[in-house]
Amino acid sequence: MLLIRCPHCGQRPETEFHCGGEAHIARPHAPAEMGDAAWAEFLYYRTNPRGPHAERWLHGHGCGRWFNALRDTVSDRIIETYEMGAPRPVPATA
Ligand SMILES: [Zn+2]
């Protein structure tokens with residue numbers, strides 16, 4: 001079973017977690033002033049990188065808190081987890 005390190009609880013089984021999509025997406029400051037295309041891009045368009053990807057995760061069956069994880073989309077390995085609000089870590093190059 002895959003273990004994920006919650007920044008608040010430590011390592012826990014993956015079944016306690018839910019992925020919440022891409023991390024570090026800032027809500028626009030004035031959405032009413034945006035055009036439809038820009039609003040649609042904010043709502044629906046996400047990156048789909050091959051390699052490290054920053055994601056939001058919820059420890060739903062644990063502390064109930066959100067955190068971010070840097071996951072390698074090729075190997076499905078979670079490189080690092082960090083608290084919400086912290087900057088995205090730079091992964092070490094292989
Ligand atoms: Zn937790």
# chains A, B, ... in the order shown; residues from 1 in each chain; ligands from 1
$ residues_around --residues "stretch 40-50 of chain A" --least-positions-apart "6" --cutoff "9 Å" --atoms "only C-alpha atoms" --output "PyMOL selection string"
chain A and resi 21-22+25-28+72-74
$ residues_around --residues "A:Asn68" --least-positions-apart "5" --cutoff "7 Å" --atoms "only C-alpha atoms" --output "PDB file with C-alpha atoms, in the first residue's frame"
ATOM      1  CA  ALA A  23      -2.181  23.356  -6.694  1.00  0.00           C
ATOM      2  CA  ALA A  54       2.018  20.165  -7.716  1.00  0.00           C
ATOM      3  CA  GLU A  55      -1.363  18.956  -6.448  1.00  0.00           C
ATOM      4  CA  ARG A  56      -3.746  19.691  -3.575  1.00  0.00           C
ATOM      5  CA  TRP A  57      -4.551  16.730  -1.337  1.00  0.00           C
ATOM      6  CA  THR A  81       4.406  17.117   0.681  1.00  0.00           C
ATOM      7  CA  TYR A  82       4.141  20.602   2.145  1.00  0.00           C
ATOM      8  CA  GLU A  83       1.611  22.832   3.866  1.00  0.00           C
ATOM      9  CA  MET A  84      -0.838  25.052   2.021  1.00  0.00           C
TER      10      MET A  84
END
$ closest_residue --among "A:Ile79, A:Cys9, A:Ala32, A:Ala86" --to "ligand 1" --atoms "only C-alpha atoms and all ligand atoms"
A:Cys9
$ closest_atom_pairs --of "chain A" --to "ligand 1" --cutoff "10 Å" --atoms "only C-alpha atoms and all ligand atoms" --output "Markdown table"
| residue | atom | partner | partner_atom_place_in_ligand_line | distance |
| --- | --- | --- | --- | --- |
| A:Ile4 | CA | ligand 1 | 1 (Zn) | 9.7 |
| A:Arg5 | CA | ligand 1 | 1 (Zn) | 8.1 |
| A:Cys6 | CA | ligand 1 | 1 (Zn) | 4.8 |
| A:Pro7 | CA | ligand 1 | 1 (Zn) | 6.6 |
| A:His8 | CA | ligand 1 | 1 (Zn) | 4.8 |
| A:Cys9 | CA | ligand 1 | 1 (Zn) | 4.3 |
| A:Gly10 | CA | ligand 1 | 1 (Zn) | 7.0 |
| A:Gln11 | CA | ligand 1 | 1 (Zn) | 8.6 |
| A:Arg12 | CA | ligand 1 | 1 (Zn) | 8.0 |
| A:Glu16 | CA | ligand 1 | 1 (Zn) | 8.8 |
| A:Phe17 | CA | ligand 1 | 1 (Zn) | 8.8 |
| A:Trp57 | CA | ligand 1 | 1 (Zn) | 10.0 |
| A:Leu58 | CA | ligand 1 | 1 (Zn) | 8.0 |
| A:His59 | CA | ligand 1 | 1 (Zn) | 5.0 |
| A:Gly60 | CA | ligand 1 | 1 (Zn) | 7.9 |
| A:His61 | CA | ligand 1 | 1 (Zn) | 8.1 |
| A:Gly62 | CA | ligand 1 | 1 (Zn) | 5.0 |
| A:Cys63 | CA | ligand 1 | 1 (Zn) | 4.1 |
| A:Gly64 | CA | ligand 1 | 1 (Zn) | 6.3 |
| A:Arg65 | CA | ligand 1 | 1 (Zn) | 6.1 |
| A:Trp66 | CA | ligand 1 | 1 (Zn) | 8.1 |
| A:Phe67 | CA | ligand 1 | 1 (Zn) | 8.6 |
$ write_last_selection --atoms "N, CA and C atoms" --output "PDB file, in the first residue's frame"
ATOM      1  N   ILE A   4       1.396   8.011   2.156  1.00  0.00           N
ATOM      2  CA  ILE A   4       1.527   9.433   1.867  1.00  0.00           C
ATOM      3  C   ILE A   4       1.806  10.142   3.179  1.00  0.00           C
ATOM      4  N   ARG A   5       2.789  11.042   3.148  1.00  0.00           N
ATOM      5  CA  ARG A   5       3.136  11.777   4.364  1.00  0.00           C
ATOM      6  C   ARG A   5       2.296  13.048   4.458  1.00  0.00           C
ATOM      7  N   CYS A   6       1.361  13.056   5.390  1.00  0.00           N
ATOM      8  CA  CYS A   6       0.592  14.270   5.679  1.00  0.00           C
ATOM      9  C   CYS A   6       1.510  15.188   6.493  1.00  0.00           C
ATOM     10  N   PRO A   7       1.619  16.480   6.134  1.00  0.00           N
ATOM     11  CA  PRO A   7       2.481  17.379   6.903  1.00  0.00           C
ATOM     12  C   PRO A   7       2.044  17.531   8.360  1.00  0.00           C
ATOM     13  N   HIS A   8       0.804  17.144   8.674  1.00  0.00           N
ATOM     14  CA  HIS A   8       0.284  17.315  10.023  1.00  0.00           C
ATOM     15  C   HIS A   8       0.259  16.016  10.828  1.00  0.00           C
ATOM     16  N   CYS A   9       0.159  14.870  10.144  1.00  0.00           N
ATOM     17  CA  CYS A   9      -0.037  13.587  10.827  1.00  0.00           C
ATOM     18  C   CYS A   9       1.092  12.588  10.597  1.00  0.00           C
ATOM     19  N   GLY A  10       1.921  12.821   9.615  1.00  0.00           N
ATOM     20  CA  GLY A  10       2.955  11.849   9.281  1.00  0.00           C
ATOM     21  C   GLY A  10       2.460  10.886   8.211  1.00  0.00           C
ATOM     22  N   GLN A  11       3.157   9.765   8.054  1.00  0.00           N
ATOM     23  CA  GLN A  11       2.816   8.815   7.004  1.00  0.00           C
ATOM     24  C   GLN A  11       1.540   8.063   7.336  1.00  0.00           C
ATOM     25  N   ARG A  12       0.653   8.014   6.355  1.00  0.00           N
ATOM     26  CA  ARG A  12      -0.625   7.343   6.506  1.00  0.00           C
ATOM     27  C   ARG A  12      -0.952   6.608   5.208  1.00  0.00           C
ATOM     28  N   GLU A  16      -6.679   7.083   2.965  1.00  0.00           N
ATOM     29  CA  GLU A  16      -7.173   8.169   3.816  1.00  0.00           C
ATOM     30  C   GLU A  16      -7.202   9.513   3.084  1.00  0.00           C
ATOM     31  N   PHE A  17      -6.696   9.543   1.841  1.00  0.00           N
ATOM     32  CA  PHE A  17      -6.503  10.813   1.141  1.00  0.00           C
ATOM     33  C   PHE A  17      -7.346  10.905  -0.127  1.00  0.00           C
ATOM     34  N   TRP A  57      -4.060  17.997  -1.882  1.00  0.00           N
ATOM     35  CA  TRP A  57      -4.551  16.730  -1.337  1.00  0.00           C
ATOM     36  C   TRP A  57      -5.267  17.005  -0.024  1.00  0.00           C
ATOM     37  N   LEU A  58      -6.304  16.216   0.219  1.00  0.00           N
ATOM     38  CA  LEU A  58      -7.085  16.322   1.449  1.00  0.00           C
ATOM     39  C   LEU A  58      -6.885  15.059   2.274  1.00  0.00           C
ATOM     40  N   HIS A  59      -6.541  15.221   3.534  1.00  0.00           N
ATOM     41  CA  HIS A  59      -6.449  14.079   4.443  1.00  0.00           C
ATOM     42  C   HIS A  59      -7.829  13.906   5.070  1.00  0.00           C
ATOM     43  N   GLY A  60      -8.773  13.450   4.252  1.00  0.00           N
ATOM     44  CA  GLY A  60     -10.174  13.384   4.635  1.00  0.00           C
ATOM     45  C   GLY A  60     -10.474  12.416   5.761  1.00  0.00           C
ATOM     46  N   HIS A  61      -9.770  11.288   5.792  1.00  0.00           N
ATOM     47  CA  HIS A  61     -10.004  10.297   6.846  1.00  0.00           C
ATOM     48  C   HIS A  61      -8.890  10.370   7.883  1.00  0.00           C
ATOM     49  N   GLY A  62      -8.449  11.577   8.153  1.00  0.00           N
ATOM     50  CA  GLY A  62      -7.408  11.823   9.155  1.00  0.00           C
ATOM     51  C   GLY A  62      -7.688  13.159   9.809  1.00  0.00           C
ATOM     52  N   CYS A  63      -6.770  14.099   9.627  1.00  0.00           N
ATOM     53  CA  CYS A  63      -6.911  15.405  10.278  1.00  0.00           C
ATOM     54  C   CYS A  63      -7.921  16.304   9.564  1.00  0.00           C
ATOM     55  N   GLY A  64      -8.309  15.955   8.319  1.00  0.00           N
ATOM     56  CA  GLY A  64      -9.284  16.763   7.597  1.00  0.00           C
ATOM     57  C   GLY A  64      -8.698  18.036   7.010  1.00  0.00           C
ATOM     58  N   ARG A  65      -7.388  18.114   6.914  1.00  0.00           N
ATOM     59  CA  ARG A  65      -6.749  19.339   6.421  1.00  0.00           C
ATOM     60  C   ARG A  65      -6.200  19.133   5.015  1.00  0.00           C
ATOM     61  N   TRP A  66      -6.142  20.249   4.274  1.00  0.00           N
ATOM     62  CA  TRP A  66      -5.567  20.253   2.930  1.00  0.00           C
ATOM     63  C   TRP A  66      -4.072  20.494   3.020  1.00  0.00           C
ATOM     64  N   PHE A  67      -3.359  19.938   2.085  1.00  0.00           N
ATOM     65  CA  PHE A  67      -1.932  20.214   1.930  1.00  0.00           C
ATOM     66  C   PHE A  67      -1.579  20.041   0.464  1.00  0.00           C
TER      67      PHE A  67
END
$ select_by_dssp --residues "chain A" --states "alpha helix (DSSP H)" --output "ChimeraX atom specification"
/A:36-44
$ atom_distance --atom1 "atom CA of A:Cys19" --atom2 "atom CA of A:Val90"
20.5 Å
$ atom_distance --atom1 "atom CA of A:Gly35" --atom2 "atom CA of A:Gly20"
25.8 Å
$ atom_distance --atom1 "atom CA of A:Ala38" --atom2 "atom CA of A:His18"
28.0 Å
$ select_by_dssp --residues "chain A" --states "strand (DSSP E or B)" --output "ChimeraX atom specification"
/A:3-6,10-13,18-22,52-58,66-72,78-83
$ write_last_selection --atoms "C-alpha atoms" --output "compact mmCIF listing (two decimals), in the first residue's frame"
# COMPACT_ATOMS: atom_id res chain seq x y z
CA LEU A 3 1.98 5.67 2.10
CA ILE A 4 1.53 9.43 1.87
CA ARG A 5 3.14 11.78 4.36
CA CYS A 6 0.59 14.27 5.68
CA GLY A 10 2.95 11.85 9.28
CA GLN A 11 2.82 8.82 7.00
CA ARG A 12 -0.63 7.34 6.51
CA PRO A 13 -2.20 4.88 4.01
CA HIS A 18 -8.25 12.42 -1.82
CA CYS A 19 -6.61 14.42 -4.58
CA GLY A 20 -8.07 17.88 -5.15
CA GLY A 21 -6.43 18.76 -8.43
CA GLU A 22 -3.68 21.14 -9.39
CA PRO A 52 6.72 16.70 -11.21
CA HIS A 53 3.23 18.13 -10.71
CA ALA A 54 2.02 20.17 -7.72
CA GLU A 55 -1.36 18.96 -6.45
CA ARG A 56 -3.75 19.69 -3.57
CA TRP A 57 -4.55 16.73 -1.34
CA LEU A 58 -7.09 16.32 1.45
CA TRP A 66 -5.57 20.25 2.93
CA PHE A 67 -1.93 20.21 1.93
CA ASN A 68 0.09 20.21 -1.26
CA ALA A 69 2.10 17.39 -2.75
CA LEU A 70 4.65 17.32 -5.51
CA ARG A 71 3.97 14.09 -7.43
CA ASP A 72 5.87 12.62 -10.35
CA ILE A 78 5.04 11.55 -4.28
CA ILE A 79 8.28 13.49 -4.13
CA GLU A 80 7.37 15.81 -1.29
CA THR A 81 4.41 17.12 0.68
CA TYR A 82 4.14 20.60 2.14
CA GLU A 83 1.61 22.83 3.87
$ decode --residues "stretch 9-55 of chain A" --atoms "C-alpha atoms" --output "compact mmCIF listing (two decimals), in the first residue's frame"
# COMPACT_ATOMS: atom_id res chain seq x y z
CA CYS A 9 -0.04 13.59 10.83
CA GLY A 10 2.95 11.85 9.28
CA GLN A 11 2.82 8.82 7.00
CA ARG A 12 -0.63 7.34 6.51
CA PRO A 13 -2.20 4.88 4.01
CA GLU A 14 -3.27 6.35 0.67
CA THR A 15 -6.89 5.31 1.30
CA GLU A 16 -7.17 8.17 3.82
CA PHE A 17 -6.50 10.81 1.14
CA HIS A 18 -8.25 12.42 -1.82
CA CYS A 19 -6.61 14.42 -4.58
CA GLY A 20 -8.07 17.88 -5.15
CA GLY A 21 -6.43 18.76 -8.43
CA GLU A 22 -3.68 21.14 -9.39
CA ALA A 23 -2.18 23.36 -6.69
CA HIS A 24 -1.10 27.00 -6.77
CA ILE A 25 -3.99 28.28 -8.90
CA ALA A 26 -4.85 31.77 -7.70
CA ARG A 27 -8.44 32.98 -7.96
CA PRO A 28 -8.66 36.14 -10.10
CA HIS A 29 -9.01 39.38 -8.13
CA ALA A 30 -11.77 40.82 -10.35
CA PRO A 31 -13.61 37.93 -12.03
CA ALA A 32 -16.48 40.20 -13.18
CA GLU A 33 -14.01 42.13 -15.30
CA MET A 34 -12.69 39.02 -17.04
CA GLY A 35 -13.84 37.89 -20.44
CA ASP A 36 -15.53 34.54 -20.91
CA ALA A 37 -12.43 32.94 -22.41
CA ALA A 38 -10.21 34.02 -19.51
CA TRP A 39 -12.81 32.87 -16.98
CA ALA A 40 -13.17 29.50 -18.72
CA GLU A 41 -9.41 29.12 -18.72
CA PHE A 42 -9.29 29.79 -14.96
CA LEU A 43 -12.09 27.30 -14.29
CA TYR A 44 -11.23 24.43 -16.59
CA TYR A 45 -7.73 24.55 -18.05
CA ARG A 46 -5.02 22.80 -16.09
CA THR A 47 -1.50 21.75 -16.83
CA ASN A 48 -0.81 18.11 -17.54
CA PRO A 49 2.96 17.79 -17.19
CA ARG A 50 5.08 14.72 -17.63
CA GLY A 51 7.09 14.67 -14.42
CA PRO A 52 6.72 16.70 -11.21
CA HIS A 53 3.23 18.13 -10.71
CA ALA A 54 2.02 20.17 -7.72
CA GLU A 55 -1.36 18.96 -6.45
